[in-house]
>>> print(open('work02.txt').read())   # compact mmCIF, C-alpha atoms
# COMPACT_ATOMS: atom_id res chain seq x y z
CA MET A 1 -11.81 6.41 18.96
CA MET A 2 -11.52 10.12 18.17
CA ASP A 3 -14.37 12.48 19.03
CA LYS A 4 -16.77 13.80 16.41
CA SER A 5 -14.99 17.14 15.94
CA ILE A 6 -11.73 15.41 14.99
CA LYS A 7 -13.55 13.08 12.60
CA ASP A 8 -15.19 16.06 10.92
CA LEU A 9 -11.80 17.76 10.55
CA PHE A 10 -10.46 14.91 8.41
CA GLY A 11 -13.66 14.55 6.38
CA LEU A 12 -13.31 10.77 6.11
CA ASN A 13 -16.19 9.74 8.34
CA GLY A 14 -18.23 7.09 6.52
CA GLN A 15 -15.82 6.75 3.61
CA THR A 16 -14.62 3.30 2.57
CA VAL A 17 -10.93 2.54 2.17
CA LEU A 18 -9.31 -0.49 0.55
CA ILE A 19 -5.75 -0.97 1.77
CA THR A 20 -3.26 -3.69 0.88
CA GLY A 21 -0.45 -4.82 3.16
CA ALA A 22 -2.74 -4.01 6.07
CA ALA A 23 -1.64 -6.61 8.63
CA ARG A 24 1.42 -4.84 9.99
CA GLY A 25 3.73 -1.84 9.73
CA ILE A 26 2.66 1.21 7.75
CA GLY A 27 -0.46 -0.52 6.46
CA LEU A 28 -1.71 -1.45 9.91
CA GLU A 29 -1.02 1.98 11.40
CA THR A 30 -2.74 3.63 8.44
CA SER A 31 -5.75 1.36 8.92
CA ARG A 32 -5.92 2.28 12.60
CA LEU A 33 -5.68 6.00 11.91
CA LEU A 34 -8.31 6.01 9.18
CA ALA A 35 -10.66 3.88 11.27
CA ALA A 36 -10.19 6.30 14.17
CA VAL A 37 -11.50 9.17 12.04
CA GLY A 38 -14.55 7.18 10.97
CA ALA A 39 -13.54 5.43 7.76
CA ARG A 40 -14.60 1.90 6.89
CA ILE A 41 -11.55 -0.27 6.29
CA PHE A 42 -11.22 -3.21 3.88
CA MET A 43 -7.95 -4.83 4.92
CA VAL A 44 -5.94 -7.01 2.52
CA ASP A 45 -2.79 -8.99 3.28
CA ARG A 46 -1.18 -12.30 2.31
CA ASP A 47 -0.47 -13.30 5.92
CA GLU A 48 -3.81 -14.69 7.02
CA SER A 49 -3.04 -15.13 10.72
CA ALA A 50 -1.54 -11.65 11.09
CA LEU A 51 -4.43 -10.17 9.12
CA GLN A 52 -7.01 -11.91 11.29
CA GLU A 53 -5.35 -10.58 14.43
CA ALA A 54 -5.15 -7.05 13.01
CA HIS A 55 -8.79 -7.21 11.90
CA VAL A 56 -10.05 -8.48 15.26
CA ASN A 57 -8.14 -5.78 17.11
CA LEU A 58 -9.44 -3.06 14.80
CA VAL A 59 -13.06 -4.20 15.10
CA ALA A 60 -12.64 -4.26 18.89
CA THR A 61 -12.10 -0.48 18.78
CA GLY A 62 -15.53 -0.06 17.22
CA ALA A 63 -14.31 0.21 13.64
CA ASP A 64 -16.29 -0.96 10.63
CA ALA A 65 -13.71 -3.26 9.05
CA ALA A 66 -13.58 -6.30 6.78
CA MET A 67 -10.67 -8.41 5.57
CA PHE A 68 -9.55 -10.53 2.64
CA THR A 69 -6.46 -12.69 2.32
CA ALA A 70 -4.65 -12.40 -1.01
CA ASP A 71 -1.09 -12.72 -2.29
CA LEU A 72 -0.39 -10.05 -4.90
CA ALA A 73 2.25 -12.31 -6.43
CA GLU A 74 -0.73 -14.15 -7.94
CA PRO A 75 -1.85 -12.33 -11.11
CA ASP A 76 -5.56 -12.82 -10.42
CA ALA A 77 -5.34 -11.44 -6.87
CA PRO A 78 -6.51 -7.88 -7.71
CA GLN A 79 -9.66 -9.20 -9.37
CA ARG A 80 -10.42 -11.48 -6.42
CA ILE A 81 -9.82 -8.62 -4.00
CA PHE A 82 -12.44 -6.47 -5.71
CA GLU A 83 -14.90 -9.35 -5.97
CA SER A 84 -14.68 -9.74 -2.20
CA PHE A 85 -14.85 -5.98 -1.65
CA ASP A 86 -18.00 -5.67 -3.76
CA ARG A 87 -19.71 -8.37 -1.70
CA GLN A 88 -19.16 -6.39 1.49
CA TYR A 89 -19.25 -2.71 0.54
CA GLN A 90 -21.26 -0.75 -2.00
CA LYS A 91 -18.86 2.12 -2.61
CA LEU A 92 -15.09 2.64 -2.77
CA ASP A 93 -13.78 6.07 -1.81
CA ILE A 94 -10.04 5.52 -1.30
CA LEU A 95 -7.53 2.93 -2.55
CA ILE A 96 -4.19 2.61 -0.77
CA ASN A 97 -1.64 0.41 -2.54
CA ASN A 98 0.70 -0.35 0.34
CA ALA A 99 1.73 -4.01 -0.08
CA ALA A 100 5.29 -4.56 -1.28
CA LEU A 101 7.98 -7.16 -1.77
CA VAL A 102 11.66 -6.42 -1.19
CA GLN A 103 14.34 -8.86 -2.32
CA ARG A 104 17.60 -8.18 -0.53
CA LEU A 105 19.75 -9.34 -3.42
CA ALA A 106 22.40 -7.71 -5.56
CA ALA A 107 21.50 -7.35 -9.22
CA THR A 108 23.85 -10.19 -10.16
CA GLU A 109 21.90 -12.50 -7.85
CA LEU A 110 18.49 -11.73 -9.33
CA THR A 111 17.05 -14.46 -11.51
CA PRO A 112 14.40 -13.59 -14.11
CA GLU A 113 11.84 -15.29 -11.86
CA ARG A 114 12.76 -13.19 -8.83
CA TRP A 115 12.77 -10.02 -10.92
CA ARG A 116 9.32 -10.80 -12.30
CA GLN A 117 7.96 -11.56 -8.83
CA ALA A 118 9.04 -8.14 -7.56
CA MET A 119 7.49 -6.40 -10.56
CA THR A 120 4.27 -8.39 -10.18
CA VAL A 121 3.78 -7.45 -6.54
CA ASN A 122 5.14 -3.90 -6.49
CA LEU A 123 4.16 -2.53 -9.89
CA ASP A 124 1.77 -4.79 -11.82
CA ALA A 125 -0.62 -5.29 -8.90
CA THR A 126 -0.55 -1.57 -8.12
CA PHE A 127 -1.58 -0.76 -11.67
CA GLU A 128 -4.24 -3.46 -11.81
CA LEU A 129 -5.84 -2.36 -8.54
CA CYS A 130 -5.85 1.23 -9.82
CA ARG A 131 -7.38 0.10 -13.10
CA LEU A 132 -10.12 -1.85 -11.34
CA ALA A 133 -10.81 1.05 -8.98
CA HIS A 134 -11.21 3.58 -11.80
CA PRO A 135 -14.76 2.70 -12.94
CA ARG A 136 -15.93 2.62 -9.33
CA PHE A 137 -14.50 6.08 -8.68
CA LYS A 138 -15.90 7.41 -11.93
CA SER A 139 -19.39 6.22 -11.08
CA ASN A 140 -19.05 7.88 -7.66
CA GLY A 141 -18.00 11.17 -9.23
CA SER A 142 -14.67 11.21 -7.39
CA GLY A 143 -12.03 9.06 -5.72
CA ALA A 144 -8.54 9.01 -4.29
CA ILE A 145 -5.58 6.68 -4.72
CA VAL A 146 -2.44 6.64 -2.60
CA ASN A 147 0.41 4.52 -3.93
CA MET A 148 3.25 3.60 -1.60
CA ALA A 149 6.51 4.36 -3.38
CA SER A 150 9.84 4.65 -1.56
CA ILE A 151 12.82 6.91 -1.17
CA MET A 152 14.55 4.05 -3.01
CA ALA A 153 12.62 5.06 -6.13
CA LEU A 154 14.62 8.27 -6.23
CA SER A 155 18.18 7.01 -5.81
CA GLY A 156 20.48 4.02 -6.22
CA GLY A 157 20.99 1.24 -3.70
CA GLY A 158 24.43 2.24 -2.52
CA PHE A 159 25.26 0.32 0.63
CA TYR A 160 22.05 -1.69 0.40
CA PRO A 161 21.58 -3.04 -3.15
CA ILE A 162 18.00 -4.09 -3.87
CA ALA A 163 17.72 -3.44 -7.61
CA SER A 164 14.30 -5.00 -8.17
CA TYR A 165 12.80 -2.87 -5.40
CA HIS A 166 14.38 0.32 -6.76
CA ALA A 167 13.13 -0.37 -10.28
CA SER A 168 9.61 -1.38 -9.30
CA LYS A 169 9.15 1.56 -6.93
CA GLY A 170 10.50 3.90 -9.60
CA GLY A 171 7.76 2.52 -11.81
CA VAL A 172 5.20 3.26 -9.10
CA VAL A 173 6.32 6.91 -9.00
CA HIS A 174 5.93 7.37 -12.75
CA LEU A 175 2.69 5.38 -12.87
CA THR A 176 1.31 7.70 -10.21
CA ARG A 177 2.27 10.77 -12.22
CA ALA A 178 0.72 9.34 -15.37
CA LEU A 179 -2.57 8.38 -13.72
CA ALA A 180 -2.80 11.70 -11.87
CA VAL A 181 -2.73 13.52 -15.20
CA GLU A 182 -4.89 11.03 -17.09
CA TRP A 183 -7.60 10.64 -14.46
CA GLY A 184 -7.67 14.15 -13.03
CA ALA A 185 -10.54 15.10 -15.33
CA ASP A 186 -12.59 12.34 -13.68
CA ALA A 187 -12.02 13.94 -10.24
CA ILE A 188 -9.76 11.06 -9.25
CA ARG A 189 -6.72 12.15 -7.24
CA VAL A 190 -3.64 9.93 -7.51
CA ASN A 191 -0.70 10.54 -5.20
CA ALA A 192 2.33 8.64 -3.95
CA ILE A 193 4.22 8.60 -0.67
CA ALA A 194 7.95 7.82 -0.61
CA PRO A 195 8.92 6.69 2.91
CA SER A 196 12.50 6.38 4.03
CA TRP A 197 13.71 3.72 6.48
CA ILE A 198 10.70 3.15 8.75
CA LYS A 199 11.26 0.98 11.80
CA THR A 200 8.85 -1.88 11.03
CA ASP A 201 9.05 -5.66 10.63
CA PHE A 202 9.53 -5.04 6.89
CA ASN A 203 12.95 -3.51 7.64
CA SER A 204 13.83 -5.49 10.77
CA ASP A 205 17.09 -6.89 9.38
CA PHE A 206 18.21 -3.41 8.34
CA TRP A 207 17.62 -1.90 11.77
CA SER A 208 19.42 -4.79 13.49
CA LYS A 209 22.70 -4.22 11.61
CA THR A 210 24.48 -1.09 12.81
CA ALA A 211 27.31 -1.35 10.26
CA LEU A 212 24.75 -1.32 7.45
CA ARG A 213 22.29 1.11 8.98
CA LYS A 214 24.58 4.10 9.60
CA PRO A 215 25.94 4.56 6.05
CA CYS A 216 22.48 4.04 4.55
CA LEU A 217 20.88 6.64 6.78
CA LEU A 218 23.65 9.09 5.94
CA GLN A 219 23.19 8.41 2.22
CA TYR A 220 19.43 8.96 2.18
CA HIS A 221 19.26 11.85 4.62
>>> encode(input="work02.txt", output="structure tokens")
Amino acid sequence: MMDKSIKDLFGLNGQTVLITGAARGIGLETSRLLAAVGARIFMVDRDESALQEAHVNLVATGADAAMFTADLAEPDAPQRIFESFDRQYQKLDILINNAALVQRLAATELTPERWRQAMTVNLDATFELCRLAHPRFKSNGSGAIVNMASIMALSGGGFYPIASYHASKGGVVHLTRALAVEWGADAIRVNAIAPSWIKTDFNSDFWSKTALRKPCLLQYH
């Protein structure tokens, strides 16, 4: 764990963070970093075994962490997440909407069901978690939301067509802008991060295919 001076620098010591997609990749590394600077971490993921392992390892470092298994493809998942959160923590300081679903399908291969599933996980759940967080932040007097968008929200698929992901992450970008303006008066900060191709399990097939990887990296960089 980091020493007290580093924790004070970040100003997150004792703050409580709810993060989705916390079992691996960006979500797991974010959980580790925030815990290292003194934040309490409420970890959410659909993969129960991976989440349990991540949670055990985080607690072993001395972190104050709890976990809840939920699949954001289920419409009632955001409500159940907050019910569990409220049983374990009294205050929410930061919400990080990191969980995502990518369907590696061309637009012509997308059925209405697959399209709806992507929107449910990537956009609908993001909005609903923000909506449920709002009254908690307002009662605190402040709060912060970080939505995970993507570089894909800003451009077309090109060599790697994933239309439902592009569209849903584009929605996340504009939702973030709208909420930042609407909720700013309540001292609630809403921001988005748009990562490029990060070398995680989420993109393992991309990184394993050189013929696909090179033109994509050239396109987005």
>>> closest_residue(input="work02.txt", among="A:Ala125, A:Leu105, A:Ala100, A:Ala60", to="A:Glu74", atoms="all atoms listed in the file")
A:Ala125
>>> atom_distance(input="work02.txt", atom1="atom CA of A:Asp45", atom2="atom CA of A:Leu72")
8.6 Å
>>> closest_residue(input="work02.txt", among="A:Asn140, A:Thr69, A:Asn57, A:Thr20", to="A:Asp93", atoms="only C-alpha atoms")
A:Asn140
>>> closest_atom_pairs(input="work02.txt", of="stretch 37-112 of chain A", to="stretch 154-178 of chain A", cutoff="12 Å", atoms="only C-alpha atoms", output="Markdown table")
| residue | atom | partner | partner_atom | distance |
| --- | --- | --- | --- | --- |
| A:Asn97 | CA | A:Val172 | CA | 9.9 |
| A:Asn98 | CA | A:Val172 | CA | 11.1 |
| A:Ala99 | CA | A:Lys169 | CA | 11.5 |
| A:Ala100 | CA | A:Tyr165 | CA | 8.7 |
| A:Leu101 | CA | A:Tyr165 | CA | 7.4 |
| A:Val102 | CA | A:Tyr165 | CA | 5.6 |
| A:Gln103 | CA | A:Ile162 | CA | 6.2 |
| A:Arg104 | CA | A:Ile162 | CA | 5.3 |
| A:Leu105 | CA | A:Ile162 | CA | 5.6 |
| A:Ala106 | CA | A:Pro161 | CA | 5.3 |
| A:Ala107 | CA | A:Ala163 | CA | 5.7 |
| A:Thr108 | CA | A:Ala163 | CA | 9.5 |
| A:Glu109 | CA | A:Ala163 | CA | 10.0 |
| A:Leu110 | CA | A:Ser164 | CA | 8.0 |
| A:Thr111 | CA | A:Ser164 | CA | 10.4 |
| A:Pro112 | CA | A:Ser164 | CA | 10.4 |
>>> atom_distance(input="work02.txt", atom1="atom CA of A:Ile94", atom2="atom CA of A:Ala133")
8.9 Å
>>> closest_residue(input="work02.txt", among="A:Phe127, A:Phe68, A:Thr16, A:Gln52", to="A:Arg80", atoms="only C-alpha atoms")
A:Phe68
>>> decode(input="work02.txt", residues="stretch 95-158 of chain A", atoms="C-alpha atoms", output="PDB file, in the first residue's frame")
ATOM      1  CA  LEU A  95     -19.270   5.797  -9.396  1.00  0.00           C
ATOM      2  CA  ILE A  96     -17.194   4.237 -12.175  1.00  0.00           C
ATOM      3  CA  ASN A  97     -19.219   2.701 -15.001  1.00  0.00           C
ATOM      4  CA  ASN A  98     -16.613   0.408 -16.517  1.00  0.00           C
ATOM      5  CA  ALA A  99     -18.459  -2.799 -17.487  1.00  0.00           C
ATOM      6  CA  ALA A 100     -19.018  -3.274 -21.214  1.00  0.00           C
ATOM      7  CA  LEU A 101     -20.091  -5.754 -23.849  1.00  0.00           C
ATOM      8  CA  VAL A 102     -18.490  -5.897 -27.287  1.00  0.00           C
ATOM      9  CA  GLN A 103     -20.042  -7.956 -30.080  1.00  0.00           C
ATOM     10  CA  ARG A 104     -17.513  -8.620 -32.804  1.00  0.00           C
ATOM     11  CA  LEU A 105     -20.099  -8.690 -35.570  1.00  0.00           C
ATOM     12  CA  ALA A 106     -20.639  -6.690 -38.731  1.00  0.00           C
ATOM     13  CA  ALA A 107     -23.817  -4.618 -38.783  1.00  0.00           C
ATOM     14  CA  THR A 108     -25.464  -7.067 -41.191  1.00  0.00           C
ATOM     15  CA  GLU A 109     -24.939  -9.839 -38.642  1.00  0.00           C
ATOM     16  CA  LEU A 110     -26.557  -8.006 -35.747  1.00  0.00           C
ATOM     17  CA  THR A 111     -30.004  -9.252 -34.804  1.00  0.00           C
ATOM     18  CA  PRO A 112     -32.382  -6.938 -32.916  1.00  0.00           C
ATOM     19  CA  GLU A 113     -31.767  -9.058 -29.814  1.00  0.00           C
ATOM     20  CA  ARG A 114     -27.992  -8.678 -30.021  1.00  0.00           C
ATOM     21  CA  TRP A 115     -28.316  -4.948 -30.666  1.00  0.00           C
ATOM     22  CA  ARG A 116     -30.575  -4.520 -27.652  1.00  0.00           C
ATOM     23  CA  GLN A 117     -28.222  -6.531 -25.441  1.00  0.00           C
ATOM     24  CA  ALA A 118     -25.319  -4.219 -26.287  1.00  0.00           C
ATOM     25  CA  MET A 119     -27.416  -1.128 -25.598  1.00  0.00           C
ATOM     26  CA  THR A 120     -28.668  -2.580 -22.317  1.00  0.00           C
ATOM     27  CA  VAL A 121     -25.191  -3.286 -20.966  1.00  0.00           C
ATOM     28  CA  ASN A 122     -23.226  -0.371 -22.398  1.00  0.00           C
ATOM     29  CA  LEU A 123     -25.718   2.490 -22.344  1.00  0.00           C
ATOM     30  CA  ASP A 124     -28.920   1.696 -20.440  1.00  0.00           C
ATOM     31  CA  ALA A 125     -27.130   0.311 -17.377  1.00  0.00           C
ATOM     32  CA  THR A 126     -24.720   3.247 -17.386  1.00  0.00           C
ATOM     33  CA  PHE A 127     -27.614   5.689 -17.309  1.00  0.00           C
ATOM     34  CA  GLU A 128     -29.537   3.751 -14.668  1.00  0.00           C
ATOM     35  CA  LEU A 129     -26.540   3.517 -12.347  1.00  0.00           C
ATOM     36  CA  CYS A 130     -25.974   7.258 -12.785  1.00  0.00           C
ATOM     37  CA  ARG A 131     -29.639   7.927 -12.081  1.00  0.00           C
ATOM     38  CA  LEU A 132     -29.594   5.832  -8.921  1.00  0.00           C
ATOM     39  CA  ALA A 133     -26.359   7.455  -7.768  1.00  0.00           C
ATOM     40  CA  HIS A 134     -27.692  11.002  -8.180  1.00  0.00           C
ATOM     41  CA  PRO A 135     -29.817  11.252  -4.994  1.00  0.00           C
ATOM     42  CA  ARG A 136     -26.980   9.755  -2.960  1.00  0.00           C
ATOM     43  CA  PHE A 137     -24.520  12.313  -4.298  1.00  0.00           C
ATOM     44  CA  LYS A 138     -26.989  15.134  -3.811  1.00  0.00           C
ATOM     45  CA  SER A 139     -27.532  14.218  -0.175  1.00  0.00           C
ATOM     46  CA  ASN A 140     -23.738  14.131   0.292  1.00  0.00           C
ATOM     47  CA  GLY A 141     -23.350  17.581  -1.236  1.00  0.00           C
ATOM     48  CA  SER A 142     -21.069  16.311  -3.998  1.00  0.00           C
ATOM     49  CA  GLY A 143     -20.080  13.280  -6.050  1.00  0.00           C
ATOM     50  CA  ALA A 144     -18.149  12.097  -9.072  1.00  0.00           C
ATOM     51  CA  ILE A 145     -18.997   9.794 -11.967  1.00  0.00           C
ATOM     52  CA  VAL A 146     -16.540   8.355 -14.464  1.00  0.00           C
ATOM     53  CA  ASN A 147     -18.082   6.648 -17.486  1.00  0.00           C
ATOM     54  CA  MET A 148     -15.919   4.386 -19.609  1.00  0.00           C
ATOM     55  CA  ALA A 149     -16.435   5.364 -23.236  1.00  0.00           C
ATOM     56  CA  SER A 150     -14.044   4.324 -26.014  1.00  0.00           C
ATOM     57  CA  ILE A 151     -12.044   5.714 -28.883  1.00  0.00           C
ATOM     58  CA  MET A 152     -14.603   3.749 -30.917  1.00  0.00           C
ATOM     59  CA  ALA A 153     -17.218   6.301 -29.863  1.00  0.00           C
ATOM     60  CA  LEU A 154     -15.402   8.894 -31.945  1.00  0.00           C
ATOM     61  CA  SER A 155     -14.894   7.070 -35.239  1.00  0.00           C
ATOM     62  CA  GLY A 156     -16.160   4.263 -37.451  1.00  0.00           C
ATOM     63  CA  GLY A 157     -15.173   0.621 -37.222  1.00  0.00           C
ATOM     64  CA  GLY A 158     -12.986   0.480 -40.286  1.00  0.00           C
TER      65      GLY A 158
END
